[in-house]
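Participant: The structure file model00.txt (compact mmCIF, C-alpha atoms and all ligand atoms) is provided below.
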```txt
# COMPACT_ATOMS: atom_id res chain seq x y z
CA MET A 249 -66.72 49.61 67.07
CA THR A 250 -64.28 50.75 69.74
CA LEU A 251 -61.86 53.49 68.65
CA LEU A 252 -58.72 54.30 70.62
CA VAL A 253 -56.68 57.53 70.58
CA THR A 254 -53.22 57.61 72.14
CA GLY A 255 -51.70 60.88 73.39
CA ALA A 256 -55.20 62.04 74.35
CA SER A 257 -53.74 64.33 77.01
CA GLY A 258 -51.78 66.10 74.28
CA GLN A 259 -52.91 68.95 72.09
CA LEU A 260 -53.55 66.89 68.94
CA GLY A 261 -54.93 63.77 70.62
CA ARG A 262 -57.48 65.74 72.63
CA LEU A 263 -58.70 67.43 69.44
CA VAL A 264 -59.06 64.02 67.77
CA VAL A 265 -61.28 62.83 70.64
CA GLU A 266 -63.32 66.04 70.36
CA ALA A 267 -63.65 65.58 66.59
CA LEU A 268 -64.79 61.95 66.99
CA LEU A 269 -67.52 63.05 69.40
CA GLU A 270 -68.55 65.98 67.20
CA ARG A 271 -68.78 63.73 64.15
CA GLY A 272 -71.10 61.35 65.99
CA THR A 273 -69.04 58.56 67.52
CA PRO A 274 -70.70 57.67 70.84
CA ALA A 275 -68.44 58.63 73.76
CA ALA A 276 -68.67 55.10 75.17
CA ASP A 277 -67.04 53.79 71.96
CA VAL A 278 -63.99 56.04 72.37
CA VAL A 279 -60.97 55.01 74.44
CA ALA A 280 -58.58 57.85 75.33
CA ILE A 281 -55.10 56.87 76.46
CA ALA A 282 -52.91 59.02 78.66
CA ARG A 283 -49.98 58.56 81.01
CA THR A 284 -51.82 60.84 83.37
CA PRO A 285 -55.55 60.00 83.17
CA GLU A 286 -56.22 62.68 85.78
CA SER A 287 -55.32 65.27 83.15
CA ILE A 288 -58.31 64.26 81.02
CA THR A 289 -61.00 63.68 83.62
CA ASP A 290 -63.24 66.08 81.66
CA LEU A 291 -63.29 63.52 78.82
CA ALA A 292 -64.19 60.75 81.30
CA GLU A 293 -67.02 62.94 82.59
CA ARG A 294 -68.36 63.09 79.03
CA GLY A 295 -68.45 59.28 78.87
CA VAL A 296 -65.17 58.59 77.09
CA GLN A 297 -63.32 55.52 78.38
CA VAL A 298 -60.11 56.95 79.83
CA ARG A 299 -57.33 54.41 80.36
CA ARG A 300 -53.77 54.82 81.59
CA ALA A 301 -50.93 53.62 79.40
CA ASP A 302 -47.31 54.49 78.76
CA TYR A 303 -45.55 53.75 75.46
CA THR A 304 -42.60 52.46 77.50
CA ASP A 305 -44.72 49.95 79.45
CA PRO A 306 -46.02 47.07 77.28
CA ALA A 307 -48.19 45.63 80.10
CA SER A 308 -50.02 48.96 80.40
CA LEU A 309 -50.60 48.96 76.63
CA ASP A 310 -51.93 45.37 76.72
CA ALA A 311 -54.43 46.35 79.41
CA ALA A 312 -55.45 49.55 77.61
CA PHE A 313 -56.00 47.90 74.21
CA VAL A 314 -58.49 45.23 75.34
CA GLY A 315 -61.56 45.26 73.08
CA VAL A 316 -60.21 47.94 70.74
CA ASN A 317 -61.02 47.64 67.03
CA ARG A 318 -59.29 50.67 65.52
CA LEU A 319 -56.42 52.68 66.96
CA LEU A 320 -54.75 56.04 66.29
CA LEU A 321 -51.11 56.17 67.33
CA VAL A 322 -50.26 59.83 67.89
CA SER A 323 -46.48 59.99 67.56
CA GLY A 324 -44.77 60.51 70.91
CA SER A 325 -43.08 63.70 71.99
CA GLU A 326 -39.85 62.22 73.37
CA VAL A 327 -37.58 62.63 70.36
CA GLY A 328 -34.91 59.91 70.31
CA GLN A 329 -37.04 57.44 72.27
CA ARG A 330 -39.86 57.08 69.81
CA ILE A 331 -38.87 54.07 67.70
CA ALA A 332 -38.85 51.74 70.72
CA GLN A 333 -41.98 53.41 72.12
CA HIS A 334 -43.93 53.13 68.87
CA ALA A 335 -42.73 49.53 68.45
CA ASN A 336 -44.27 48.76 71.84
CA VAL A 337 -47.60 50.25 70.72
CA ILE A 338 -47.61 48.36 67.41
CA ASP A 339 -46.67 45.06 69.08
CA ALA A 340 -49.39 45.52 71.71
CA ALA A 341 -51.94 46.39 69.02
CA LYS A 342 -51.08 43.13 67.28
CA ARG A 343 -51.36 41.10 70.48
CA ALA A 344 -54.74 42.71 71.20
CA GLY A 345 -56.10 41.87 67.74
CA VAL A 346 -56.64 45.52 66.81
CA GLY A 347 -57.97 45.60 63.23
CA PHE A 348 -56.58 48.93 62.02
CA VAL A 349 -53.90 51.41 63.06
CA ALA A 350 -53.52 55.01 61.85
CA TYR A 351 -50.23 56.76 62.57
CA THR A 352 -49.41 60.49 62.59
CA SER A 353 -46.23 60.74 60.52
CA ILE A 354 -44.53 63.54 58.58
CA THR A 355 -44.52 64.75 54.97
CA ARG A 356 -43.05 62.11 52.61
CA ALA A 357 -41.51 60.29 55.58
CA ASP A 358 -40.28 57.52 53.28
CA THR A 359 -38.01 59.76 51.19
CA THR A 360 -37.38 63.01 53.08
CA ASP A 361 -33.97 63.80 54.59
CA LEU A 362 -35.38 65.85 57.49
CA LEU A 363 -33.69 64.84 60.75
CA LEU A 364 -37.09 64.88 62.40
CA ALA A 365 -38.40 62.25 60.00
CA ALA A 366 -36.05 59.39 60.88
CA GLU A 367 -38.24 58.09 63.72
CA HIS A 368 -41.38 58.50 61.61
CA ARG A 369 -39.83 56.53 58.74
CA ALA A 370 -38.79 53.76 61.13
CA THR A 371 -42.31 53.65 62.59
CA GLU A 372 -43.84 53.44 59.12
CA GLU A 373 -41.51 50.51 58.43
CA LEU A 374 -42.52 48.82 61.68
CA LEU A 375 -46.17 49.17 60.70
CA ALA A 376 -45.52 47.74 57.25
CA GLY A 377 -43.69 44.80 58.82
CA SER A 378 -46.39 44.19 61.42
CA GLY A 379 -48.98 43.03 58.92
CA LEU A 380 -51.56 45.24 60.66
CA PRO A 381 -53.95 47.04 58.29
CA HIS A 382 -52.93 50.66 58.62
CA ALA A 383 -52.99 54.19 57.22
CA LEU A 384 -50.34 56.88 57.32
CA LEU A 385 -51.34 60.43 58.23
CA ARG A 386 -48.29 62.34 57.08
CA ASN A 387 -48.79 65.72 58.71
CA SER A 388 -46.87 68.78 57.57
CA TRP A 389 -46.08 71.53 60.13
CA TYR A 390 -48.64 72.81 62.62
CA LEU A 391 -49.74 76.42 62.04
CA GLU A 392 -49.49 76.69 65.83
CA ASN A 393 -45.70 76.36 65.48
CA TYR A 394 -45.97 79.90 64.11
CA THR A 395 -49.02 81.37 65.85
CA GLY A 396 -47.52 80.23 69.17
CA GLN A 397 -44.52 82.48 68.49
CA LEU A 398 -46.67 85.57 67.97
CA PRO A 399 -45.74 87.43 71.19
CA THR A 400 -42.00 86.97 70.47
CA VAL A 401 -42.39 87.94 66.83
CA LEU A 402 -44.28 91.10 67.76
CA GLU A 403 -41.77 91.95 70.46
CA HIS A 404 -38.90 91.84 67.96
CA GLY A 405 -40.83 92.93 64.87
CA ALA A 406 -39.27 89.97 63.10
CA VAL A 407 -39.77 86.35 62.17
CA LEU A 408 -36.45 84.50 62.32
CA GLY A 409 -35.80 81.37 60.27
CA ALA A 410 -33.61 79.61 57.77
CA ALA A 411 -36.27 78.55 55.28
CA ARG A 412 -35.29 81.02 52.56
CA ASP A 413 -38.25 81.28 50.18
CA GLY A 414 -39.41 77.68 50.69
CA ARG A 415 -43.13 77.14 51.13
CA VAL A 416 -44.57 75.25 54.07
CA SER A 417 -48.00 73.61 53.95
CA ALA A 418 -48.80 74.27 57.60
CA ALA A 419 -52.32 73.54 58.87
CA THR A 420 -53.99 73.80 62.24
CA ARG A 421 -53.94 70.94 64.71
CA ALA A 422 -57.74 71.04 64.59
CA ASP A 423 -57.73 70.29 60.84
CA TYR A 424 -55.21 67.45 61.20
CA ALA A 425 -57.23 66.12 64.15
CA GLU A 426 -60.44 66.14 62.17
CA ALA A 427 -58.76 64.19 59.36
CA ALA A 428 -57.43 61.69 61.90
CA ALA A 429 -60.93 61.27 63.32
CA VAL A 430 -62.38 60.65 59.84
CA VAL A 431 -59.77 57.98 59.16
CA LEU A 432 -59.98 56.40 62.62
CA ALA A 433 -63.77 56.16 62.45
CA GLY A 434 -63.51 54.61 58.99
CA GLU A 435 -65.74 57.26 57.43
CA GLU A 436 -66.13 56.86 53.64
CA ASP A 437 -64.05 53.68 53.61
CA GLY A 438 -61.72 51.76 55.86
CA HIS A 439 -58.63 53.69 54.72
CA GLU A 440 -56.52 50.50 54.90
CA GLY A 441 -53.26 51.01 53.03
CA ALA A 442 -53.86 54.74 52.54
CA VAL A 443 -50.99 57.21 52.65
CA TYR A 444 -52.25 60.74 53.15
CA GLU A 445 -49.94 63.72 52.61
CA LEU A 446 -51.69 66.24 54.82
CA GLY A 447 -51.18 69.98 54.75
CA GLY A 448 -52.95 73.30 54.42
CA ASP A 449 -54.56 74.31 51.13
CA HIS A 450 -52.36 77.42 50.86
CA ALA A 451 -48.66 76.98 51.50
CA PHE A 452 -46.69 80.10 52.46
CA THR A 453 -43.12 81.31 52.78
CA LEU A 454 -41.78 82.71 56.04
CA GLY A 455 -41.62 86.08 54.27
CA GLU A 456 -45.37 85.81 53.66
CA LEU A 457 -45.80 84.74 57.28
CA ALA A 458 -44.04 87.93 58.48
CA GLU A 459 -46.08 90.08 56.10
CA THR A 460 -49.34 88.48 57.28
CA VAL A 461 -48.43 88.89 60.97
CA GLY A 462 -47.69 92.57 60.25
CA ARG A 463 -51.00 93.07 58.48
CA VAL A 464 -53.02 91.30 61.16
CA ALA A 465 -51.27 93.06 64.06
CA GLY A 466 -51.05 96.46 62.30
CA ARG A 467 -47.28 96.57 62.79
CA GLU A 468 -44.20 96.25 60.63
CA VAL A 469 -42.83 92.72 60.81
CA VAL A 470 -39.93 91.52 58.66
CA TYR A 471 -38.59 88.07 57.87
CA ARG A 472 -34.92 87.71 58.77
CA ASP A 473 -33.43 84.74 56.94
CA LEU A 474 -30.40 83.27 58.70
CA SER A 475 -27.97 80.49 57.89
CA VAL A 476 -28.88 77.15 59.49
CA ALA A 477 -25.95 77.59 61.92
CA ASP A 478 -27.00 81.13 62.89
CA TYR A 479 -30.63 80.12 63.30
CA THR A 480 -29.60 77.20 65.51
CA ALA A 481 -27.56 79.60 67.63
CA ALA A 482 -30.49 82.03 67.85
CA LEU A 483 -32.78 79.24 69.06
CA VAL A 484 -30.20 78.17 71.66
CA ALA A 485 -29.84 81.79 72.77
CA ALA A 486 -33.62 81.88 73.16
CA GLY A 487 -33.36 78.97 75.61
CA LEU A 488 -33.93 75.84 73.51
CA PRO A 489 -31.76 72.79 74.21
CA GLU A 490 -29.04 72.41 71.56
CA GLY A 491 -30.29 69.15 70.09
CA TYR A 492 -33.83 70.43 69.71
CA ALA A 493 -32.61 73.71 68.22
CA ALA A 494 -30.58 71.77 65.65
CA VAL A 495 -33.60 69.66 64.69
CA LEU A 496 -35.79 72.75 64.30
CA ALA A 497 -33.19 74.59 62.23
CA ASP A 498 -32.78 71.48 60.09
CA SER A 499 -36.54 71.53 59.53
CA ASP A 500 -36.22 75.09 58.19
CA ARG A 501 -33.40 73.87 55.95
CA GLY A 502 -35.89 71.25 54.75
CA ILE A 503 -38.65 73.82 54.23
CA ALA A 504 -36.26 75.76 51.98
CA GLU A 505 -36.01 72.59 49.89
CA GLY A 506 -39.76 71.89 49.89
CA ALA A 507 -39.67 69.11 52.48
CA LEU A 508 -42.84 70.28 54.27
CA PHE A 509 -44.73 71.30 51.16
CA THR A 510 -47.58 69.27 49.74
CA ASP A 511 -50.25 70.12 47.22
CA SER A 512 -51.99 66.74 47.52
CA GLY A 513 -55.27 68.30 48.73
CA ASP A 514 -55.68 65.22 50.98
CA LEU A 515 -56.43 67.23 54.13
CA SER A 516 -59.32 69.34 52.83
CA ARG A 517 -60.64 66.32 50.94
CA LEU A 518 -60.69 64.17 54.10
CA VAL A 519 -62.30 66.82 56.32
CA GLY A 520 -64.72 67.95 53.61
CA HIS A 521 -63.97 71.69 53.87
CA PRO A 522 -61.13 74.10 53.09
CA THR A 523 -58.36 74.14 55.67
CA THR A 524 -58.00 77.09 58.06
CA ASP A 525 -55.72 79.62 56.38
CA LEU A 526 -52.77 81.45 57.91
CA GLU A 527 -54.49 84.82 58.24
CA THR A 528 -57.53 83.34 60.01
CA ALA A 529 -55.29 81.42 62.42
CA LEU A 530 -53.19 84.52 63.10
CA ARG A 531 -56.26 86.70 63.71
CA ALA A 532 -57.51 84.15 66.26
CA ALA A 533 -54.08 84.10 67.92
CA VAL A 534 -54.01 87.91 68.12
CA VAL A 535 -57.43 87.90 69.77
CA ARG A 536 -56.26 85.19 72.23
CA SER A 537 -53.04 87.06 73.10
CA ALA A 538 -55.02 90.26 73.74
CA ALA A 539 -57.50 88.48 76.02
N1 LIG B 1 -46.38 68.55 62.74
C1 LIG B 1 -45.82 69.33 63.64
O1 LIG B 1 -45.61 70.54 63.43
C2 LIG B 1 -45.46 68.77 64.97
C3 LIG B 1 -44.94 69.61 65.95
C4 LIG B 1 -44.66 69.08 67.20
C5 LIG B 1 -44.88 67.73 67.43
N2 LIG B 1 -45.37 66.93 66.46
C6 LIG B 1 -45.64 65.49 66.67
O2 LIG B 1 -47.04 65.34 66.83
C7 LIG B 1 -47.32 64.74 68.11
C8 LIG B 1 -48.61 65.30 68.67
O3 LIG B 1 -48.48 66.69 68.77
P1 LIG B 1 -49.05 67.46 70.02
O4 LIG B 1 -48.98 68.89 69.70
O5 LIG B 1 -50.34 66.87 70.47
O6 LIG B 1 -47.93 67.12 71.12
P2 LIG B 1 -48.11 67.18 72.71
O7 LIG B 1 -49.15 68.17 73.08
O8 LIG B 1 -46.75 67.31 73.27
O9 LIG B 1 -48.69 65.73 73.06
C9 LIG B 1 -47.91 64.58 73.00
C10 LIG B 1 -48.72 63.45 73.58
O10 LIG B 1 -47.92 62.27 73.55
C11 LIG B 1 -48.03 61.66 74.83
N3 LIG B 1 -46.86 60.87 75.14
C12 LIG B 1 -45.57 61.25 75.04
N4 LIG B 1 -44.77 60.26 75.48
C13 LIG B 1 -45.60 59.25 75.87
C14 LIG B 1 -45.39 57.98 76.44
N5 LIG B 1 -44.16 57.53 76.72
N6 LIG B 1 -46.46 57.21 76.70
C15 LIG B 1 -47.70 57.65 76.46
N7 LIG B 1 -47.99 58.85 75.94
C16 LIG B 1 -46.93 59.64 75.66
C17 LIG B 1 -48.14 62.82 75.78
O11 LIG B 1 -48.64 62.37 77.02
P3 LIG B 1 -48.35 63.19 78.39
O12 LIG B 1 -49.47 64.21 78.46
O13 LIG B 1 -48.44 62.15 79.42
O14 LIG B 1 -46.99 63.81 78.25
C18 LIG B 1 -49.13 63.70 75.03
O15 LIG B 1 -50.44 63.24 75.21
C19 LIG B 1 -46.08 65.04 68.95
O16 LIG B 1 -45.96 64.12 69.99
C20 LIG B 1 -44.98 64.94 67.91
O17 LIG B 1 -44.65 63.59 67.63
C21 LIG B 1 -45.68 67.43 65.24
```
Could you write out this file's structure as structure tokens?
Ligand SMILES: NC(=O)c1ccc[n+]([C@@H]2O[C@H](COP(=O)([O-])OP(=O)(O)OC[C@H]3O[C@@H](n4cnc5c(N)ncnc54)[C@H](OP(=O)(O)O)[C@@H]3O)[C@@H](O)[C@H]2O)c1

Facilitator:
Amino acid sequence: MTLLVTGASGQLGRLVVEALLERGTPAADVVAIARTPESITDLAERGVQVRRADYTDPASLDAAFVGVNRLLLVSGSEVGQRIAQHANVIDAAKRAGVGFVAYTSITRADTTDLLLAAEHRATEELLAGSGLPHALLRNSWYLENYTGQLPTVLEHGAVLGAARDGRVSAATRADYAEAAAVVLAGEEDGHEGAVYELGGDHAFTLGELAETVGRVAGREVVYRDLSVADYTAALVAAGLPEGYAAVLADSDRGIAEGALFTDSGDLSRLVGHPTTDLETALRAAVVRSAA
């Protein structure tokens, strides 16, 4: 059984490859795709088949998918380009006779009004139309979206956002990656037709995030709730491109309305252990930032 992971040079994809190996898939049965194979030579050294492919280049996908049985499509990072890119991957998977595709989507992609979800919804529709057996891994937010902001939060003594008292079911990339590895390897069952709403066991508000950062860092940290327009402006002032800032602020608007909340329990059920909680992730981030 040959298992392929796209985006293996990225943060999530690499963790999926690691999780496959840790859970016992032989390295020779794993194909890791990257635009820049030289960035994952360490995986090649461990026996993983590293192949070059670009979502924008169908011929490269055809070459990379030869002999692949099951494939994980990690959603691309080029917002606005992704429907065409993902269509190329799905079409190539079909041409190659791939038997199963898992796709990393977003919470309730079929019904949510999050701006960020439009490309995920379109990709889910492409998969449904392709006739390929598939599973949807609808990931909520990454905890790293917050732990990665730790130095800025501590500098200002504040978490900024526009999520009001909405709860977000954030989980670590490592937990999402482990779930993806379980599904890709077909552990338990084939997962064909499954729709998993994946998120952390304990959702939190951004107020609780600020309080937990304060406790972990031994400092006072407050949550400053802004309007969507003011939060967009703050993100632009911090150096984000306008379009990206608008999408992020819209995601906070969605969090306020529960768009990234799930209590399905699918993530801990798939990985077979509780998800990493906010405080544990923050403590690890504090240790890393002090190192
Ligand atoms: N749930 C969340 O909170 C959240 C947050 C951010 C993103 N996401 C989504 O989750 C995905 C994975 O997250 P991540 O943290 O691993 O992102 P990441 O570190 O930016 O990795 C993205 C991966 O996609 C690859 N990629 C992008 N465009 C490609 C193309 N045209 N052809 C082939 N590969 C391409 C990148 O390859 P290169 O190394 O060659 O660039 C990289 O391996 C993101 O791409 C995004 O869709 C989710």

Participant: What are the closest atom pairs, with distances in Å to one decimal, for each residue of chain A lying within 8 Å of ligand LIG 1 (chain B), using only C-alpha atoms and all ligand atoms, rows by chain and rising residue number, as JSON lines?

Facilitator:
```
{"residue": "A:Thr254", "atom": "CA", "partner": "B:LIG1", "partner_atom": "N7", "distance": 6.6}
{"residue": "A:Gly255", "atom": "CA", "partner": "B:LIG1", "partner_atom": "O15", "distance": 3.2}
{"residue": "A:Ala256", "atom": "CA", "partner": "B:LIG1", "partner_atom": "O15", "distance": 5.0}
{"residue": "A:Ser257", "atom": "CA", "partner": "B:LIG1", "partner_atom": "O15", "distance": 3.9}
{"residue": "A:Gly258", "atom": "CA", "partner": "B:LIG1", "partner_atom": "O15", "distance": 3.3}
{"residue": "A:Gln259", "atom": "CA", "partner": "B:LIG1", "partner_atom": "O5", "distance": 3.7}
{"residue": "A:Leu260", "atom": "CA", "partner": "B:LIG1", "partner_atom": "O5", "distance": 3.6}
{"residue": "A:Gly261", "atom": "CA", "partner": "B:LIG1", "partner_atom": "O5", "distance": 5.5}
{"residue": "A:Arg262", "atom": "CA", "partner": "B:LIG1", "partner_atom": "O5", "distance": 7.5}
{"residue": "A:Ile281", "atom": "CA", "partner": "B:LIG1", "partner_atom": "N7", "distance": 7.4}
{"residue": "A:Ala282", "atom": "CA", "partner": "B:LIG1", "partner_atom": "O13", "distance": 5.5}
{"residue": "A:Arg283", "atom": "CA", "partner": "B:LIG1", "partner_atom": "O13", "distance": 4.2}
{"residue": "A:Thr284", "atom": "CA", "partner": "B:LIG1", "partner_atom": "O13", "distance": 5.4}
{"residue": "A:Ser287", "atom": "CA", "partner": "B:LIG1", "partner_atom": "O12", "distance": 7.6}
{"residue": "A:Ala301", "atom": "CA", "partner": "B:LIG1", "partner_atom": "C15", "distance": 5.9}
{"residue": "A:Asp302", "atom": "CA", "partner": "B:LIG1", "partner_atom": "N6", "distance": 3.5}
{"residue": "A:Tyr303", "atom": "CA", "partner": "B:LIG1", "partner_atom": "N6", "distance": 3.8}
{"residue": "A:Thr304", "atom": "CA", "partner": "B:LIG1", "partner_atom": "N5", "distance": 5.4}
{"residue": "A:Asp305", "atom": "CA", "partner": "B:LIG1", "partner_atom": "N6", "distance": 8.0}
{"residue": "A:Val322", "atom": "CA", "partner": "B:LIG1", "partner_atom": "C7", "distance": 5.7}
{"residue": "A:Ser323", "atom": "CA", "partner": "B:LIG1", "partner_atom": "O17", "distance": 4.0}
{"residue": "A:Gly324", "atom": "CA", "partner": "B:LIG1", "partner_atom": "O16", "distance": 3.9}
{"residue": "A:Ser325", "atom": "CA", "partner": "B:LIG1", "partner_atom": "O16", "distance": 3.5}
{"residue": "A:Glu326", "atom": "CA", "partner": "B:LIG1", "partner_atom": "N4", "distance": 5.7}
{"residue": "A:Val327", "atom": "CA", "partner": "B:LIG1", "partner_atom": "O17", "distance": 7.6}
{"residue": "A:Gln333", "atom": "CA", "partner": "B:LIG1", "partner_atom": "N5", "distance": 6.5}
{"residue": "A:Thr352", "atom": "CA", "partner": "B:LIG1", "partner_atom": "O2", "distance": 6.9}
{"residue": "A:Ser353", "atom": "CA", "partner": "B:LIG1", "partner_atom": "C6", "distance": 7.8}
{"residue": "A:Ile354", "atom": "CA", "partner": "B:LIG1", "partner_atom": "N1", "distance": 6.8}
{"residue": "A:Asn387", "atom": "CA", "partner": "B:LIG1", "partner_atom": "N1", "distance": 5.5}
{"residue": "A:Ser388", "atom": "CA", "partner": "B:LIG1", "partner_atom": "N1", "distance": 5.2}
{"residue": "A:Trp389", "atom": "CA", "partner": "B:LIG1", "partner_atom": "O1", "distance": 3.5}
{"residue": "A:Tyr390", "atom": "CA", "partner": "B:LIG1", "partner_atom": "O1", "distance": 3.9}
{"residue": "A:Leu391", "atom": "CA", "partner": "B:LIG1", "partner_atom": "O1", "distance": 7.3}
{"residue": "A:Glu392", "atom": "CA", "partner": "B:LIG1", "partner_atom": "O1", "distance": 7.7}
{"residue": "A:Asn393", "atom": "CA", "partner": "B:LIG1", "partner_atom": "O1", "distance": 6.2}
{"residue": "A:Ala418", "atom": "CA", "partner": "B:LIG1", "partner_atom": "O1", "distance": 7.6}
{"residue": "A:Arg421", "atom": "CA", "partner": "B:LIG1", "partner_atom": "O4", "distance": 7.3}
```

Participant: From the options A:Phe509, A:Gly434, A:Pro399, A:Gly414, which residue's atoms come nearest to Leu251 (chain A), counting only C-alpha atoms?

Facilitator: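 Once distances to Leu251 (chain A) are computed over only C-alpha atoms, the minimum belongs to A:Gly434.
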
Participant: Nearest to Arg501 (chain A) among A:Arg415, A:His368, A:Arg299, A:Arg343, with distances taken over all atoms listed in the file: which residue is it?

Facilitator: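 Of A:Arg415, A:His368, A:Arg299, A:Arg343, the one nearest Arg501 (chain A), counting all atoms listed in the file, is A:Arg415.
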
Participant: Of the candidates A:Ala532, A:Val469, A:Val316, A:Leu508, which shows the shortest atom-to-atom distance to Thr359 (chain A), using all atoms listed in the file?

Facilitator: A:Leu508

Participant: Find the residues around Leu496 (chain A) up to 10 Å (only C-alpha atoms counted), leave out those fewer than 6 positions away in its own chain, and share them as number ranges by chain.

Facilitator: A: 362-364, 409-410, 476, 479-480, 483, 488, 490, 502

Participant: If we count all atoms listed in the file, what is near region 372-376 of chain A at a cut-off of 7 Å, once residues fewer than 3 positions away on the same chain are taken out, given as a ChimeraX atom specification?

Facilitator: /A:335,338,368-369,379-380

Participant: Hey, could you patch up region 468-474 of chain A with all heavy atoms and hand it over as a JSON list (two decimals), in the frame of the given file?

Facilitator:
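Full text of out02.json as output:
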```json
[["chain", "number", "residue", "atom", "x", "y", "z"],
["A", 468, "GLU", "N", -45.15, 96.74, 61.63],
["A", 468, "GLU", "CA", -44.20, 96.25, 60.63],
["A", 468, "GLU", "C", -43.48, 95.02, 61.17],
["A", 468, "GLU", "O", -42.93, 95.06, 62.28],
["A", 468, "GLU", "CB", -43.18, 97.33, 60.26],
["A", 468, "GLU", "CG", -42.56, 97.03, 58.91],
["A", 468, "GLU", "CD", -41.21, 97.70, 58.69],
["A", 468, "GLU", "OE1", -40.92, 98.68, 59.39],
["A", 468, "GLU", "OE2", -40.46, 97.21, 57.83],
["A", 469, "VAL", "N", -43.53, 93.94, 60.42],
["A", 469, "VAL", "CA", -42.83, 92.72, 60.81],
["A", 469, "VAL", "C", -42.05, 92.24, 59.59],
["A", 469, "VAL", "O", -42.61, 92.13, 58.50],
["A", 469, "VAL", "CB", -43.83, 91.62, 61.27],
["A", 469, "VAL", "CG1", -43.08, 90.33, 61.61],
["A", 469, "VAL", "CG2", -44.63, 92.09, 62.48],
["A", 470, "VAL", "N", -40.77, 91.97, 59.79],
["A", 470, "VAL", "CA", -39.93, 91.52, 58.66],
["A", 470, "VAL", "C", -39.54, 90.06, 58.86],
["A", 470, "VAL", "O", -39.59, 89.54, 59.98],
["A", 470, "VAL", "CB", -38.64, 92.37, 58.54],
["A", 470, "VAL", "CG1", -39.00, 93.83, 58.27],
["A", 470, "VAL", "CG2", -37.78, 92.24, 59.79],
["A", 471, "TYR", "N", -39.16, 89.42, 57.77],
["A", 471, "TYR", "CA", -38.59, 88.07, 57.87],
["A", 471, "TYR", "C", -37.08, 88.18, 57.77],
["A", 471, "TYR", "O", -36.55, 88.76, 56.82],
["A", 471, "TYR", "CB", -39.12, 87.16, 56.76],
["A", 471, "TYR", "CG", -38.41, 85.82, 56.76],
["A", 471, "TYR", "CD1", -38.30, 85.08, 57.95],
["A", 471, "TYR", "CD2", -37.82, 85.31, 55.62],
["A", 471, "TYR", "CE1", -37.62, 83.87, 57.98],
["A", 471, "TYR", "CE2", -37.14, 84.10, 55.64],
["A", 471, "TYR", "CZ", -37.05, 83.39, 56.83],
["A", 471, "TYR", "OH", -36.37, 82.19, 56.86],
["A", 472, "ARG", "N", -36.38, 87.67, 58.77],
["A", 472, "ARG", "CA", -34.92, 87.71, 58.77],
["A", 472, "ARG", "C", -34.41, 86.29, 58.51],
["A", 472, "ARG", "O", -34.55, 85.42, 59.38],
["A", 472, "ARG", "CB", -34.44, 88.23, 60.12],
["A", 472, "ARG", "CG", -33.09, 88.89, 60.05],
["A", 472, "ARG", "CD", -32.80, 89.71, 61.29],
["A", 472, "ARG", "NE", -33.61, 90.91, 61.43],
["A", 472, "ARG", "CZ", -34.05, 91.40, 62.59],
["A", 472, "ARG", "NH1", -33.77, 90.79, 63.72],
["A", 472, "ARG", "NH2", -34.76, 92.51, 62.61],
["A", 473, "ASP", "N", -33.90, 86.08, 57.31],
["A", 473, "ASP", "CA", -33.43, 84.74, 56.94],
["A", 473, "ASP", "C", -31.98, 84.55, 57.37],
["A", 473, "ASP", "O", -31.11, 85.34, 57.00],
["A", 473, "ASP", "CB", -33.57, 84.54, 55.42],
["A", 473, "ASP", "CG", -33.43, 83.09, 55.05],
["A", 473, "ASP", "OD1", -34.24, 82.27, 55.52],
["A", 473, "ASP", "OD2", -32.48, 82.75, 54.31],
["A", 474, "LEU", "N", -31.74, 83.52, 58.16],
["A", 474, "LEU", "CA", -30.40, 83.27, 58.70],
["A", 474, "LEU", "C", -29.83, 81.99, 58.09],
["A", 474, "LEU", "O", -30.59, 81.17, 57.54],
["A", 474, "LEU", "CB", -30.48, 83.08, 60.23],
["A", 474, "LEU", "CG", -31.18, 84.19, 61.03],
["A", 474, "LEU", "CD1", -31.28, 83.80, 62.50],
["A", 474, "LEU", "CD2", -30.41, 85.50, 60.89]]
```
